[in-house]
Structures are given as structure tokens and as C-alpha cells.
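Have a look at my_file_23.cif; it's mmCIF, C-alpha atoms:
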data_target
#
loop_
_atom_site.group_PDB
_atom_site.id
_atom_site.type_symbol
_atom_site.label_atom_id
_atom_site.label_comp_id
_atom_site.auth_asym_id
_atom_site.auth_seq_id
_atom_site.Cartn_x
_atom_site.Cartn_y
_atom_site.Cartn_z
ATOM 1 C CA MET S 719 8.846 -4.097 -7.019
ATOM 2 C CA ASP S 720 5.508 -4.941 -8.665
ATOM 3 C CA THR S 721 5.691 -3.104 -11.992
ATOM 4 C CA LYS S 722 1.983 -3.548 -12.775
ATOM 5 C CA LYS S 723 1.029 -2.058 -9.431
ATOM 6 C CA GLU S 724 3.497 0.789 -9.982
ATOM 7 C CA ILE S 725 1.877 1.590 -13.336
ATOM 8 C CA ARG S 726 -1.647 1.353 -11.929
ATOM 9 C CA ASP S 727 -0.902 3.573 -8.959
ATOM 10 C CA PHE S 728 1.054 6.094 -11.034
ATOM 11 C CA LEU S 729 -1.618 6.564 -13.718
ATOM 12 C CA THR S 730 -4.436 6.635 -11.173
ATOM 13 C CA SER S 731 -2.678 9.261 -9.087
ATOM 14 C CA ARG S 732 -1.887 11.402 -12.140
ATOM 15 C CA ARG S 733 -5.453 11.523 -13.480
ATOM 16 C CA ALA S 734 -6.761 12.270 -9.987
ATOM 17 C CA ARG S 735 -4.794 15.533 -10.075
ATOM 18 C CA ILE S 736 -6.412 16.965 -13.198
ATOM 19 C CA THR S 737 -9.911 18.432 -13.224
ATOM 20 C CA PRO S 738 -12.080 18.349 -16.375
ATOM 21 C CA GLU S 739 -11.861 22.146 -16.477
ATOM 22 C CA GLN S 740 -8.054 22.028 -16.492
ATOM 23 C CA ALA S 741 -8.183 19.558 -19.370
ATOM 24 C CA GLY S 742 -10.669 21.678 -21.346
ATOM 25 C CA LEU S 743 -13.570 19.258 -20.864
ATOM 26 C CA ARG S 744 -17.111 19.868 -19.695
ATOM 27 C CA SER S 745 -17.872 18.353 -16.316
ATOM 28 C CA TYR S 746 -21.056 16.345 -16.019
ATOM 29 C CA GLY S 747 -22.723 14.199 -13.365
ATOM 30 C CA SER S 748 -21.587 13.592 -9.814
ATOM 31 C CA ARG S 749 -18.020 12.393 -9.307
ATOM 32 C CA ARG S 750 -17.146 9.801 -6.717
ATOM 33 C CA VAL S 751 -13.419 10.422 -7.092
ATOM 34 C CA PRO S 752 -11.401 13.571 -7.813
ATOM 35 C CA GLY S 753 -9.916 14.309 -11.182
ATOM 36 C CA LEU S 754 -10.603 12.813 -14.590
ATOM 37 C CA ARG S 755 -12.582 9.682 -15.304
ATOM 38 C CA ARG S 756 -10.954 6.896 -17.299
ATOM 39 C CA GLU S 757 -13.132 7.631 -20.318
ATOM 40 C CA GLU S 758 -12.046 11.274 -20.251
ATOM 41 C CA VAL S 759 -8.385 10.308 -20.252
ATOM 42 C CA ALA S 760 -9.082 7.952 -23.161
ATOM 43 C CA VAL S 761 -10.709 10.760 -25.158
ATOM 44 C CA LEU S 762 -7.818 13.122 -24.478
ATOM 45 C CA ALA S 763 -5.261 10.468 -25.460
ATOM 46 C CA GLY S 764 -7.183 9.355 -28.552
ATOM 47 C CA VAL S 765 -7.555 5.714 -27.512
ATOM 48 C CA SER S 766 -10.532 3.539 -26.676
ATOM 49 C CA VAL S 767 -11.790 3.299 -23.113
ATOM 50 C CA PRO S 768 -11.126 -0.482 -22.889
ATOM 51 C CA TYR S 769 -7.570 0.068 -24.146
ATOM 52 C CA TYR S 770 -6.843 2.812 -21.627
ATOM 53 C CA THR S 771 -8.406 0.692 -18.876
ATOM 54 C CA ARG S 772 -6.024 -2.119 -19.812
ATOM 55 C CA LEU S 773 -3.057 0.259 -19.629
ATOM 56 C CA GLU S 774 -4.119 1.613 -16.259
ATOM 57 C CA ARG S 775 -4.353 -1.916 -14.917
ATOM 58 C CA GLY S 776 -0.651 -2.258 -15.652
ATOM 59 C CA ASP S 777 -0.828 -4.216 -18.912
ATOM 60 C CA MET S 778 1.463 -2.250 -21.224
ATOM 61 C CA SER S 779 2.637 -5.113 -23.392
ATOM 62 C CA GLY S 780 3.155 -3.860 -26.934
ATOM 63 C CA VAL S 781 2.219 -0.251 -26.174
ATOM 64 C CA SER S 782 3.623 2.125 -28.783
ATOM 65 C CA GLN S 783 5.679 5.240 -28.204
ATOM 66 C CA SER S 784 2.995 7.385 -29.828
ATOM 67 C CA VAL S 785 0.362 6.113 -27.371
ATOM 68 C CA LEU S 786 2.667 6.792 -24.426
ATOM 69 C CA GLU S 787 3.328 10.302 -25.718
ATOM 70 C CA ALA S 788 -0.415 10.923 -26.137
ATOM 71 C CA LEU S 789 -1.024 9.603 -22.645
ATOM 72 C CA ALA S 790 1.674 11.854 -21.221
ATOM 73 C CA ARG S 791 0.044 14.874 -22.876
ATOM 74 C CA ALA S 792 -3.429 13.901 -21.688
ATOM 75 C CA LEU S 793 -2.229 13.561 -18.096
ATOM 76 C CA GLU S 794 -0.044 16.674 -18.366
ATOM 77 C CA LEU S 795 2.959 14.773 -17.115
ATOM 78 C CA ASP S 796 6.110 16.678 -16.356
ATOM 79 C CA ASP S 797 7.582 13.292 -15.459
ATOM 80 C CA ALA S 798 6.856 11.567 -18.775
ATOM 81 C CA ALA S 799 10.219 9.782 -18.754
ATOM 82 C CA HIS S 800 9.032 7.805 -15.739
ATOM 83 C CA LEU S 801 6.021 6.538 -17.699
ATOM 84 C CA PHE S 802 8.337 5.347 -20.479
ATOM 85 C CA ASP S 803 10.587 3.644 -17.915
ATOM 86 C CA LEU S 804 7.609 1.819 -16.392
ATOM 87 C CA ALA S 805 6.353 0.755 -19.820
ATOM 88 C CA ARG S 806 9.796 -0.585 -20.693
ATOM 89 C CA ALA S 807 9.993 -2.507 -17.413
ATOM 90 C CA ALA S 808 6.540 -4.016 -18.083
ATOM 91 C CA GLN S 809 7.452 -5.588 -21.420
ATOM 92 C CA PRO S 810 7.470 -9.407 -21.377
ATOM 93 C CA THR S 811 10.967 -10.745 -20.782
ATOM 94 C CA VAL S 812 12.624 -13.756 -19.295
ATOM 95 C CA ALA S 813 12.093 -13.633 -15.546
ATOM 96 C CA ARG S 814 14.876 -11.587 -14.005
ATOM 97 C CA PRO S 815 15.755 -12.062 -10.348
ATOM 98 C CA ARG S 816 16.357 -9.009 -8.261
ATOM 99 C CA ARG S 817 20.087 -8.499 -8.067
ATOM 100 C CA ARG S 818 22.576 -6.548 -6.088
ATOM 101 C CA ARG S 819 24.655 -4.155 -8.110
ATOM 102 C CA ALA S 820 28.405 -4.520 -8.149
ATOM 103 C CA LYS S 821 29.900 -2.000 -5.758
ATOM 104 C CA GLN S 822 30.155 1.324 -7.551
ATOM 105 C CA ARG S 823 33.670 2.709 -7.494
ATOM 106 C CA VAL S 824 34.781 6.255 -8.097
ATOM 107 C CA ARG S 825 37.739 6.405 -10.474
ATOM 108 C CA PRO S 826 40.881 8.137 -9.146
ATOM 109 C CA GLU S 827 40.585 10.695 -11.954
ATOM 110 C CA VAL S 828 37.134 11.657 -10.695
ATOM 111 C CA GLN S 829 38.452 12.053 -7.140
ATOM 112 C CA TRP S 830 41.237 14.269 -8.512
ATOM 113 C CA THR S 831 38.569 16.419 -10.124
ATOM 114 C CA LEU S 832 36.673 16.699 -6.850
ATOM 115 C CA ASP S 833 39.832 17.649 -4.981
ATOM 116 C CA ALA S 834 40.645 20.293 -7.598
ATOM 117 C CA ILE S 835 37.375 22.070 -6.753
ATOM 118 C CA THR S 836 38.452 24.204 -3.789
ATOM 119 C CA GLY S 837 35.876 27.018 -3.663
ATOM 120 C CA ALA S 838 32.791 24.807 -3.607
ATOM 121 C CA ALA S 839 31.617 21.637 -1.928
ATOM 122 C CA ALA S 840 31.484 18.699 -4.341
ATOM 123 C CA PHE S 841 30.629 15.025 -4.121
ATOM 124 C CA VAL S 842 29.802 12.031 -6.312
ATOM 125 C CA GLY S 843 26.414 10.390 -5.790
ATOM 126 C CA ASN S 844 24.286 7.667 -7.351
ATOM 127 C CA GLN S 845 20.561 7.200 -7.974
ATOM 128 C CA ARG S 846 20.081 5.648 -4.515
ATOM 129 C CA LEU S 847 21.296 8.949 -3.000
ATOM 130 C CA ASP S 848 24.536 7.441 -1.691
ATOM 131 C CA ILE S 849 27.505 9.793 -1.360
ATOM 132 C CA LEU S 850 30.423 7.782 -2.719
ATOM 133 C CA ALA S 851 33.220 10.384 -2.729
ATOM 134 C CA ALA S 852 33.671 14.040 -1.846
ATOM 135 C CA ASN S 853 36.215 16.807 -1.686
ATOM 136 C CA GLN S 854 37.330 18.242 1.661
ATOM 137 C CA LEU S 855 34.687 20.970 1.644
ATOM 138 C CA GLY S 856 32.009 18.465 0.621
ATOM 139 C CA ARG S 857 32.791 16.238 3.602
ATOM 140 C CA ALA S 858 32.740 19.291 5.855
ATOM 141 C CA LEU S 859 29.457 20.613 4.467
ATOM 142 C CA PHE S 860 27.754 17.249 4.958
ATOM 143 C CA SER S 861 29.540 16.398 8.209
ATOM 144 C CA GLU S 862 26.148 15.692 9.840
ATOM 145 C CA LEU S 863 25.619 12.851 7.343
ATOM 146 C CA TYR S 864 29.150 11.524 7.817
ATOM 147 C CA ALA S 865 28.572 11.376 11.579
ATOM 148 C CA ALA S 866 26.465 8.231 11.048
ATOM 149 C CA PRO S 867 28.572 5.030 11.101
ATOM 150 C CA ALA S 868 26.947 3.385 8.065
ATOM 151 C CA ARG S 869 28.768 3.543 4.738
ATOM 152 C CA PRO S 870 28.190 4.640 2.113
ATOM 153 C CA VAL S 871 26.615 7.804 3.474
ATOM 154 C CA ASN S 872 23.011 7.989 2.252
ATOM 155 C CA ASN S 873 21.024 11.214 2.075
ATOM 156 C CA ALA S 874 17.596 9.541 2.110
ATOM 157 C CA ARG S 875 18.390 7.692 5.344
ATOM 158 C CA PHE S 876 19.596 10.944 6.875
ATOM 159 C CA VAL S 877 16.524 12.891 5.768
ATOM 160 C CA PHE S 878 13.947 10.395 7.033
ATOM 161 C CA LEU S 879 15.665 8.529 9.873
ATOM 162 C CA ASP S 880 17.923 11.124 11.539
ATOM 163 C CA PRO S 881 16.213 13.810 13.666
ATOM 164 C CA ARG S 882 19.072 16.235 12.923
ATOM 165 C CA ALA S 883 17.964 16.430 9.286
ATOM 166 C CA GLU S 884 15.071 18.800 9.989
ATOM 167 C CA VAL S 885 17.520 21.263 11.538
ATOM 168 C CA PHE S 886 20.236 20.796 8.910
ATOM 169 C CA TYR S 887 17.889 21.275 5.940
ATOM 170 C CA GLY S 888 16.133 24.623 6.269
ATOM 171 C CA ASP S 889 13.642 23.507 3.603
ATOM 172 C CA TRP S 890 13.236 19.946 4.885
ATOM 173 C CA GLU S 891 9.778 19.437 3.361
ATOM 174 C CA ARG S 892 11.069 20.193 -0.132
ATOM 175 C CA VAL S 893 14.211 18.105 0.356
ATOM 176 C CA ALA S 894 12.126 15.169 1.608
ATOM 177 C CA GLY S 895 9.869 15.370 -1.436
ATOM 178 C CA GLU S 896 12.840 15.530 -3.798
ATOM 179 C CA CYS S 897 14.465 12.502 -2.146
ATOM 180 C CA VAL S 898 11.359 10.380 -2.651
ATOM 181 C CA ALA S 899 10.844 11.625 -6.200
ATOM 182 C CA ILE S 900 14.410 10.651 -7.132
ATOM 183 C CA LEU S 901 14.026 7.193 -5.599
ATOM 184 C CA ARG S 902 10.725 6.758 -7.489
ATOM 185 C CA TRP S 903 12.487 7.722 -10.708
ATOM 186 C CA ALA S 904 15.293 5.266 -9.977
ATOM 187 C CA ALA S 905 12.834 2.457 -9.205
ATOM 188 C CA GLY S 906 11.096 2.997 -12.534
ATOM 189 C CA ARG S 907 14.378 2.865 -14.421
ATOM 190 C CA ASP S 908 15.653 -0.236 -12.658
ATOM 191 C CA PRO S 909 12.939 -2.189 -10.800
ATOM 192 C CA ASP S 910 15.312 -5.140 -10.300
ATOM 193 C CA ASP S 911 17.860 -3.218 -8.221
ATOM 194 C CA ARG S 912 17.781 -5.140 -4.944
ATOM 195 C CA ASP S 913 19.790 -2.539 -3.009
ATOM 196 C CA LEU S 914 17.306 0.138 -4.016
ATOM 197 C CA SER S 915 14.337 -2.064 -3.083
ATOM 198 C CA ASP S 916 15.925 -2.792 0.300
ATOM 199 C CA LEU S 917 16.463 0.927 0.906
ATOM 200 C CA VAL S 918 12.865 1.755 0.038
ATOM 201 C CA GLY S 919 11.656 -1.044 2.295
ATOM 202 C CA GLU S 920 13.804 0.169 5.178
ATOM 203 C CA LEU S 921 12.568 3.753 4.844
ATOM 204 C CA ALA S 922 8.923 2.686 4.458
ATOM 205 C CA THR S 923 9.185 0.506 7.574
ATOM 206 C CA HIS S 924 10.676 3.175 9.812
ATOM 207 C CA SER S 925 9.301 6.487 8.491
ATOM 208 C CA GLU S 926 5.664 7.485 8.139
ATOM 209 C CA ALA S 927 6.817 10.682 6.410
ATOM 210 C CA PHE S 928 8.495 8.551 3.748
ATOM 211 C CA ARG S 929 5.489 6.236 3.348
ATOM 212 C CA THR S 930 3.149 9.182 2.815
ATOM 213 C CA ARG S 931 5.355 10.723 0.138
ATOM 214 C CA TRP S 932 6.077 7.390 -1.564
ATOM 215 C CA ALA S 933 2.324 6.784 -1.946
ATOM 216 C CA ALA S 934 1.965 10.096 -3.813
ATOM 217 C CA HIS S 935 3.949 8.703 -6.804
ATOM 218 C CA ASP S 936 5.669 12.009 -7.550
ATOM 219 C CA VAL S 937 8.629 11.635 -9.895
ATOM 220 C CA ARG S 938 10.592 14.821 -10.266
ATOM 221 C CA PHE S 939 14.026 16.211 -9.551
ATOM 222 C CA HIS S 940 15.971 19.287 -10.497
ATOM 223 C CA ASN S 941 19.388 19.574 -12.118
ATOM 224 C CA THR S 942 19.983 22.917 -10.449
ATOM 225 C CA GLY S 943 18.527 25.001 -7.656
ATOM 226 C CA VAL S 944 19.208 26.501 -4.230
ATOM 227 C CA LYS S 945 19.541 24.627 -0.952
ATOM 228 C CA HIS S 946 19.183 26.279 2.454
ATOM 229 C CA LEU S 947 21.290 24.574 5.097
ATOM 230 C CA HIS S 948 21.978 25.147 8.782
ATOM 231 C CA HIS S 949 25.486 23.892 9.499
ATOM 232 C CA PRO S 950 26.396 23.300 13.172
ATOM 233 C CA GLU S 951 29.766 25.041 12.724
ATOM 234 C CA VAL S 952 29.004 28.071 10.522
ATOM 235 C CA GLY S 953 25.252 28.538 10.703
ATOM 236 C CA GLU S 954 22.981 29.456 7.802
ATOM 237 C CA LEU S 955 24.043 28.745 4.215
ATOM 238 C CA SER S 956 22.240 29.424 0.960
ATOM 239 C CA LEU S 957 24.014 27.470 -1.773
ATOM 240 C CA SER S 958 23.438 26.967 -5.473
ATOM 241 C CA TYR S 959 23.709 23.316 -6.518
ATOM 242 C CA ASN S 960 24.256 21.730 -9.919
ATOM 243 C CA ARG S 961 24.235 18.157 -11.223
ATOM 244 C CA LEU S 962 26.965 17.080 -13.621
ATOM 245 C CA ASP S 963 26.424 13.573 -15.000
ATOM 246 C CA LEU S 964 29.470 11.397 -15.653
ATOM 247 C CA PRO S 965 28.817 9.660 -19.003
ATOM 248 C CA ALA S 966 31.818 7.356 -18.544
ATOM 249 C CA ASP S 967 30.558 6.218 -15.130
ATOM 250 C CA HIS S 968 27.024 4.881 -15.508
ATOM 251 C CA GLY S 969 24.683 6.067 -12.779
ATOM 252 C CA LEU S 970 27.171 8.435 -11.139
ATOM 253 C CA THR S 971 26.810 12.206 -10.893
ATOM 254 C CA ILE S 972 28.939 15.036 -9.535
ATOM 255 C CA PHE S 973 27.048 17.523 -7.365
ATOM 256 C CA THR S 974 28.516 20.938 -6.619
ATOM 257 C CA TYR S 975 27.386 23.418 -3.955
ATOM 258 C CA ALA S 976 28.635 26.993 -4.370
ATOM 259 C CA ALA S 977 27.839 30.354 -2.776
ATOM 260 C CA GLU S 978 27.097 33.632 -4.524
ATOM 261 C CA PRO S 979 30.285 35.756 -4.635
ATOM 262 C CA GLY S 980 30.323 38.449 -1.988
ATOM 263 C CA SER S 981 27.467 36.897 -0.022
ATOM 264 C CA ARG S 982 27.352 35.982 3.642
ATOM 265 C CA SER S 983 27.126 32.347 2.536
ATOM 266 C CA GLU S 984 30.449 32.689 0.685
ATOM 267 C CA GLU S 985 32.078 33.941 3.893
ATOM 268 C CA ALA S 986 30.558 31.041 5.818
ATOM 269 C CA LEU S 987 31.706 28.533 3.212
ATOM 270 C CA LYS S 988 35.268 29.873 3.409
ATOM 271 C CA LEU S 989 35.110 29.629 7.192
ATOM 272 C CA LEU S 990 33.874 26.052 6.860
ATOM 273 C CA GLY S 991 36.837 25.295 4.581
ATOM 274 C CA SER S 992 39.245 26.600 7.212
ATOM 275 C CA TRP S 993 37.520 24.554 9.891
ATOM 276 C CA ALA S 994 37.701 21.424 7.713
ATOM 277 C CA ALA S 995 41.404 21.914 7.055
ATOM 278 C CA THR S 996 42.060 22.274 10.800
ATOM 279 C CA VAL S 997 40.051 19.140 11.629
ATOM 280 C CA ASP S 998 41.746 17.073 8.899
ATOM 281 C CA SER S 999 45.176 18.261 10.058
ATOM 282 C CA ALA S 1000 44.416 17.312 13.671
ATOM 283 C CA GLU S 1001 43.172 13.858 12.590
ATOM 284 C CA ALA S 1002 46.321 13.332 10.500
ATOM 285 C CA GLU S 1003 48.505 14.230 13.501
ATOM 286 C CA ARG S 1004 46.609 11.797 15.742
ATOM 287 C CA ALA S 1005 47.015 9.049 13.146
ATOM 288 C CA THR S 1006 50.762 9.739 12.991
ATOM 289 C CA ASP S 1007 51.066 9.632 16.785
ATOM 290 C CA HIS S 1008 49.533 6.144 16.823
ATOM 291 C CA THR S 1009 51.836 4.666 14.170
#
Representation of the structure as C-alpha cells:
Amino acid sequence: MDTKKEIRDFLTSRRARITPEQAGLRSYGSRRVPGLRREEVAVLAGVSVPYYTRLERGDMSGVSQSVLEALARALELDDAAHLFDLARAAQPTVARPRRRRAKQRVRPEVQWTLDAITGAAAFVGNQRLDILAANQLGRALFSELYAAPARPVNNARFVFLDPRAEVFYGDWERVAGECVAILRWAAGRDPDDRDLSDLVGELATHSEAFRTRWAAHDVRFHNTGVKHLHHPEVGELSLSYNRLDLPADHGLTIFTYAAEPGSRSEEALKLLGSWAATVDSAEAERATDHT
């Protein structure tokens, strides 16, 4: 990915979203483009106009943390970490070829932990939105994703390339935006990840919905929230999800999906667990019959 272009597009898109009135500035003259002018951003950040112009063109060599913090405040960024990631990626270094990551493996102890979670769906994912391991209820909950032959299962591919996704995700628009925002965040942290670049290229080639959202340069994701799903076996589900990072396993995160006690979704989740156990038992019997 072109880091300079990423910086230019990100800063330009952020200042276009803020009006002078929102920033506490007086508006003057006609404006050819929405949002703040470069000189207004420079004033708010306490830097010279030529210096800010240089930054917005993608030249962040030697930029200090204090300037980045001032810039984040001026642009009212709630995704300031992404700006720091881009600045870090832009620092002069020995040319680094894009590389494929070594295959990420889920430790047996982590799988044991997943399997010990019996009342909620749980899986391990990475920053490319791959699902690398899951408990029984997790595989059942995301059975629509597992129906695709490609492995590892990837949520972004499902969301943008599988027509079933708009039925499965009751809030597809929000899920689609979150998928792109997470991939943007990941690209800023590791612009040399070839697998990630290939995924973005694949999605951009085949999905106009992805291309439109990618061009918006939103970088945001939530550690907790509620997902509304329509499962083909049990119908509507409203589940609370949480992210649990695994410090010992760089880049891997456990996601849990649980229902409010006493709710209709809890009943549906229990029913889904029974269905999953029946399906797994039948598959095990078929495997035994063929040995």
C-alpha cells in the first residue's frame, strides 16, 4: 500500500468532515470544498501552513508526537491511533518487501478455553477478520460463513461477496462499515502485510460496496456492542459481543457472543447449541461408518 497516499487521503477526508463552526472558527469567503481549509487546520494545530501542507502530502519524516497529538485534536479524530500508525509507517527505513505472514496457529490451550465456554459462542480471529478457531456454538452460530469452502473463514469476504450476508446480519450496513474500518486500521498498523493487501485488492475488485466504504477512510471499531443476526436454523438473535485480546498471541483476539439471561435470544442460542450437538454427532457417526 502507498503510505503517502494513505496519509494524504486520510487527512484530506478528516478535515472535509469538520466545518469552521464546529471548530470554533469564523467562516469567510466562498468555499470550493467542504470542511476546513488547510490554513485553518494549521492554525488549530499550532503549526505553519507550509508544514501542515507537507504533512498532508504524506511527508511525515521526523514529525514529533506533540505535533501528531495537536493534529489529532484539530481534526477531532476519534481514530488518532491510526494517524500515529501511518506516521510510523512513513518514517524512512530500509526498503521492506511486502511479505506473507507465517500461518497463525491457535495454541491448544486457547482451543481448550474456547471449548470450555458452553453458554456463549466464541471464536479466535485476527486483524484480517479470519476466524481461526471456534467452539461448537461458535461454529454453529456462524455456520453460514463455514458453508463457504475457502479456509480460513473470513468475515469480510462473507459480508461483501456472499449474498446471504445481508440476510444473516440484520444490521448489515453497520457490520459492513465496521469490517472496512478494521481492515483500514490493520493496514495502517502493518502496510507490508501481503495477505492483507491481497484481501483488500480482492474485495475492491469484486465489491462496489467495499470500494465506496474503503474510500471513506473511516478507522473505527468497537470492543463491545450488540449484533443482530438472522440464523437460518433459529431465527432472530440479539447478542452482546466482547473482544478479549490474547497478549501471548500477537494479533489474535477471542470474540464472545452471549445472550441476555431470560431473553428470547437466550432460548434461541440454547436451541442452536442442541442443533449443533446433533449435527456434530451425526457427522461423527458418518465418519465412523466410513472407517
- Query: Could you pull the residues within 10 Å of region 789-791 of chain S, counting all atoms listed in the file, minus those fewer than 5 positions along the same chain, as a list in words?
  - Reply: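 The filter keeps Leu729, Arg732, Val759, Ala760, Leu762, Ala763, Gly764, Val765, Tyr770, Gln783, Ser784, Asp796, Asp797, Ala798, Ala799, Leu801 and Phe802 of chain S.
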- Task: Translate the PyMOL selection byres ((chain S and resi 834-849) around 8), as applied to the file shown, into an explicit residue set as a ChimeraX atom specification.
- Result: /S:824,830-833,850-857,859,870-874,897,900-901,904,914,969-977,987-988
Go ahead and save the picked residues with C-alpha atoms, as a compact mmCIF listing (two decimals), in the frame of the given file.
# COMPACT_ATOMS: atom_id res chain seq x y z
CA VAL S 824 34.78 6.26 -8.10
CA TRP S 830 41.24 14.27 -8.51
CA THR S 831 38.57 16.42 -10.12
CA LEU S 832 36.67 16.70 -6.85
CA ASP S 833 39.83 17.65 -4.98
CA LEU S 850 30.42 7.78 -2.72
CA ALA S 851 33.22 10.38 -2.73
CA ALA S 852 33.67 14.04 -1.85
CA ASN S 853 36.22 16.81 -1.69
CA GLN S 854 37.33 18.24 1.66
CA LEU S 855 34.69 20.97 1.64
CA GLY S 856 32.01 18.46 0.62
CA ARG S 857 32.79 16.24 3.60
CA LEU S 859 29.46 20.61 4.47
CA PRO S 870 28.19 4.64 2.11
CA VAL S 871 26.62 7.80 3.47
CA ASN S 872 23.01 7.99 2.25
CA ASN S 873 21.02 11.21 2.08
CA ALA S 874 17.60 9.54 2.11
CA CYS S 897 14.46 12.50 -2.15
CA ILE S 900 14.41 10.65 -7.13
CA LEU S 901 14.03 7.19 -5.60
CA ALA S 904 15.29 5.27 -9.98
CA LEU S 914 17.31 0.14 -4.02
CA GLY S 969 24.68 6.07 -12.78
CA LEU S 970 27.17 8.44 -11.14
CA THR S 971 26.81 12.21 -10.89
CA ILE S 972 28.94 15.04 -9.54
CA PHE S 973 27.05 17.52 -7.36
CA THR S 974 28.52 20.94 -6.62
CA TYR S 975 27.39 23.42 -3.96
CA ALA S 976 28.64 26.99 -4.37
CA ALA S 977 27.84 30.35 -2.78
CA LEU S 987 31.71 28.53 3.21
CA LYS S 988 35.27 29.87 3.41
- Message: Quick check, in Å to one decimal: how far apart do CA of Gly888 (chain S) and CA of His946 (chain S) lie?
- Response: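 Here the two named atoms are 5.2 Å from each other.
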- Task: Return as JSON, numbers by chain the set of residues that the PyMOL selection byres ((chain S and resi 752) around 12) yields on the displayed structure.
- Result: {"S": [730, 731, 732, 733, 734, 735, 736, 737, 738, 745, 748, 749, 750, 751, 753, 754, 755, 756]}
- Quote the spacing between CA of Leu863 (chain S) and CA of Phe876 (chain S) in Å to one decimal place.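 Computing the Euclidean distance for CA of Leu863 (chain S) and CA of Phe876 (chain S) yields 6.3 Å.
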- Hey, which of S:Tyr769, S:Trp903, S:Phe928, S:Tyr887 ends up closest to Phe860 (chain S)? Count all atoms listed in the file. S:Tyr887
- Between CA of Val885 (chain S) and CA of Leu957 (chain S), what is the spacing in Å?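 These atoms are spaced 16.1 Å apart.
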